[in-house]
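Engineer: Here you go, one structure.
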Amino acid sequence: MRMPIIAGNWKMNKTIKEAVEFVKSIKDRVAGTDVEVVLCVPYTLLQPVKEAANGTNIKVGAQNMHWEESGAFTGEISPLMLKEIGVDYCVIGHSERRQYFNETDETVNKKIHTALKHGIKPIVCVGETLEERESGKMEEVVKNQVVKAFKDVKGESVKDIVIAYEPIWAIGTGKTATAQQANDAIYKIREIVKELYGEEICTEIRIQYGGSVKPNNVEEIMNQEDIDGALVGGASLKPDDFVQLVNF
Ligand SMILES: O=C(CO)COP(=O)(O)O
């Protein structure tokens, strides 16, 4: 049985004050659920959110990290720094980072290895553009991303990885993939994991859907057989919406 995981990706939003107020406002309303609750927040918010979430079931994630532990990489944050704060998860390879910040399948792979080494669970994002979907290349694109992301990752580590299928055309557009489209893609991703690691690991790994998930569509998405969670941008910024997402 895979534990559902609802993760908010705040992207580049919220001040410390706003973030702490958010956690105070939701913590009692997301307590006692059977869902893993994660907030992936900007670096400046990691420590205050971690402190505000102390003693609750809310886990904290970063949105990116470097693959080296230290060095001359101006502006970057290392896994050691995240570990010191007690970060549980790190989003790796979000399409916005691939699109605007030169993230490649190779850097995604390096970051996954480093995250695992330091006990930070990667949330690895994959997904196709609208053009790729319309030209029938969704499966090929996503397969290539998964195979390259998991290069040399050992089977025993795969249970600590969450995959997020985020079709780029559905992110921030209000255009959700239908629950069926999302489930079909995630089923295919599970098949790819099966080819790489076998039956047991492919039934264990959790795969989320992301892209315009809202309180009014979360239940249908979460009811799909292969979908284990959601990675949510816009709707994770409002406390009431986020609470509804967790209590789908
Ligand atoms: O990119 C996303 C989560 O990582 C999805 O964003 P939206 O929920 O705003 O479409």
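Labels used: A, B, ... for chains in the order of the structure tokens, numbers from 1 for residues in each chain, and numbers from 1 for ligands as shown.
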Please identify all polymer residues within 8 Å of A:His94, counting only C-alpha atoms, omitting same-chain residues fewer than 6 positions from it, and present them as a short mmCIF file (atom, residue, chain, number, x, y, z; two decimals) with N, CA and C atoms, in the first residue's frame.
Structural biologist:
```cif
data_model
loop_
_atom_site.label_atom_id
_atom_site.label_comp_id
_atom_site.auth_asym_id
_atom_site.auth_seq_id
_atom_site.Cartn_x
_atom_site.Cartn_y
_atom_site.Cartn_z
N VAL A 124 11.26 13.85 -8.09
CA VAL A 124 11.85 14.04 -9.43
C VAL A 124 10.75 14.35 -10.45
N CYS A 125 10.85 15.53 -11.08
CA CYS A 125 9.80 15.95 -12.01
C CYS A 125 10.13 15.57 -13.45
N VAL A 126 9.12 15.03 -14.11
CA VAL A 126 9.22 14.72 -15.55
C VAL A 126 7.92 15.18 -16.22
#
```
Engineer: Excluding stretch 87-90 of chain A and any residue of its chain fewer than 3 positions from it, enumerate the residues within 9 Å of it, using only C-alpha atoms, and give them as a PyMOL selection string.
Structural biologist: chain A and resi 38-40+46-47+50+59-65+82-84+115+119-124
Engineer: Go ahead and dump the residues you just picked, N, CA and C atoms, as a tab-separated table (two decimals), in the first residue's frame.
Structural biologist:
```tsv
chain	number	residue	atom	x	y	z
A	38	VAL	N	3.59	17.71	2.64
A	38	VAL	CA	4.92	18.31	2.44
A	38	VAL	C	4.75	19.72	1.90
A	39	LEU	N	5.57	20.64	2.41
A	39	LEU	CA	5.63	21.99	1.83
A	39	LEU	C	7.03	22.21	1.27
A	40	CYS	N	7.11	22.44	-0.04
A	40	CYS	CA	8.39	22.71	-0.69
A	40	CYS	C	8.50	24.22	-0.88
A	46	LEU	N	12.94	27.80	4.64
A	46	LEU	CA	13.11	26.42	5.11
A	46	LEU	C	13.17	26.35	6.64
A	47	GLN	N	14.07	27.16	7.21
A	47	GLN	CA	14.26	27.11	8.67
A	47	GLN	C	12.99	27.57	9.41
A	50	LYS	N	10.29	24.94	8.99
A	50	LYS	CA	10.65	23.74	9.77
A	50	LYS	C	10.33	23.96	11.26
A	59	LYS	N	5.87	17.96	6.65
A	59	LYS	CA	7.28	17.80	6.29
A	59	LYS	C	7.70	18.94	5.38
A	60	VAL	N	9.01	19.16	5.34
A	60	VAL	CA	9.51	20.33	4.62
A	60	VAL	C	10.43	19.91	3.49
A	61	GLY	N	10.27	20.55	2.34
A	61	GLY	CA	11.11	20.25	1.20
A	61	GLY	C	11.70	21.51	0.61
A	62	ALA	N	12.88	21.37	-0.03
A	62	ALA	CA	13.45	22.46	-0.82
A	62	ALA	C	12.98	22.29	-2.26
A	63	GLN	N	13.30	23.26	-3.09
A	63	GLN	CA	12.84	23.21	-4.49
A	63	GLN	C	13.98	22.93	-5.46
A	64	ASN	N	15.19	22.87	-4.93
A	64	ASN	CA	16.38	22.63	-5.76
A	64	ASN	C	17.56	22.50	-4.82
A	65	MET	N	18.67	21.98	-5.32
A	65	MET	CA	19.93	22.00	-4.56
A	65	MET	C	21.07	21.72	-5.53
A	82	LEU	N	21.04	21.86	3.49
A	82	LEU	CA	19.64	21.47	3.63
A	82	LEU	C	19.47	20.46	4.76
A	83	LYS	N	20.42	19.54	4.84
A	83	LYS	CA	20.35	18.51	5.86
A	83	LYS	C	20.42	19.11	7.26
A	84	GLU	N	21.25	20.14	7.39
A	84	GLU	CA	21.41	20.79	8.70
A	84	GLU	C	20.08	21.36	9.20
A	115	ALA	N	21.30	13.76	-3.23
A	115	ALA	CA	20.19	13.82	-2.28
A	115	ALA	C	20.09	12.49	-1.52
A	119	GLY	N	20.36	11.51	2.59
A	119	GLY	CA	19.09	11.20	3.24
A	119	GLY	C	17.99	12.20	2.96
A	120	ILE	N	18.10	12.91	1.84
A	120	ILE	CA	17.03	13.83	1.42
A	120	ILE	C	16.26	13.12	0.31
A	121	LYS	N	14.94	13.06	0.45
A	121	LYS	CA	14.17	12.31	-0.55
A	121	LYS	C	13.88	13.18	-1.78
A	122	PRO	N	14.29	12.71	-2.95
A	122	PRO	CA	14.04	13.51	-4.15
A	122	PRO	C	12.60	13.37	-4.66
A	123	ILE	N	12.03	14.49	-5.05
A	123	ILE	CA	10.77	14.49	-5.82
A	123	ILE	C	11.18	14.85	-7.24
A	124	VAL	N	11.26	13.85	-8.09
A	124	VAL	CA	11.85	14.04	-9.43
A	124	VAL	C	10.75	14.35	-10.45
```
Engineer: Please compute the atom 8 (O, counted along the ligand's line) of ligand 1-atom CA of A:Val162 distance, one decimal, in Å.
Structural biologist: 17.0 Å
Engineer: Find the residues near stretch 231-241 of chain A: any atom within 6 Å, counting only C-alpha atoms, skip ones fewer than 3 places away on the same chain, and give them as a VMD selection string.
Structural biologist: chain A and resid 7 to 10 210 213 to 214 244
Engineer: Dump N, CA and C atoms for the selected residues as a compact mmCIF listing (two decimals), in the first residue's frame?
Structural biologist:
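Result file follows (selection_32.txt):
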```txt
# COMPACT_ATOMS: atom_id res chain seq x y z
N ALA A 7 2.01 17.40 -1.88
CA ALA A 7 3.11 18.34 -1.66
C ALA A 7 2.77 19.68 -2.31
N GLY A 8 2.96 20.75 -1.54
CA GLY A 8 2.81 22.09 -2.11
C GLY A 8 4.17 22.52 -2.63
N ASN A 9 4.17 23.10 -3.82
CA ASN A 9 5.40 23.71 -4.34
C ASN A 9 5.12 25.21 -4.41
N TRP A 10 5.67 25.93 -3.45
CA TRP A 10 5.35 27.36 -3.35
C TRP A 10 6.06 28.19 -4.43
N GLY A 210 1.13 16.49 -11.22
CA GLY A 210 1.15 17.93 -10.96
C GLY A 210 0.73 18.70 -12.19
N VAL A 213 -3.70 21.28 -10.23
CA VAL A 213 -4.52 20.54 -9.26
C VAL A 213 -5.16 21.57 -8.31
N LYS A 214 -6.46 21.43 -8.12
CA LYS A 214 -7.24 22.37 -7.31
C LYS A 214 -8.16 21.57 -6.39
N GLN A 244 -7.94 21.64 1.96
CA GLN A 244 -8.89 20.82 1.18
C GLN A 244 -8.17 19.79 0.32
```
Engineer: Could you check the closest approach to ligand 1 for each of A:Asp152, A:Glu166, A:Asp28, A:Glu21 and tell me which residue wins, using only C-alpha atoms and all ligand atoms?
Structural biologist: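 Looking at the shortest contact to ligand 1, the residue is A:Glu166.
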Engineer: A:Ile5: which residues within 10 Å, counting only C-alpha atoms, same-chain residues fewer than 5 positions away excluded, as a list of chain:residue names?
Structural biologist: A:Asp34, A:Val35, A:Glu36, A:Val37, A:Val38, A:Val162, A:Arg206, A:Ile207, A:Gln208, A:Met222, A:Ile227, A:Asp228, A:Gly229, A:Ala230, A:Leu231, A:Val246
Engineer: I'd like the interatomic distance between atom CA of A:Gly174 and atom 6 (O, counted along the ligand's line) of ligand 1, to a tenth of an Å.
Structural biologist: 9.0 Å
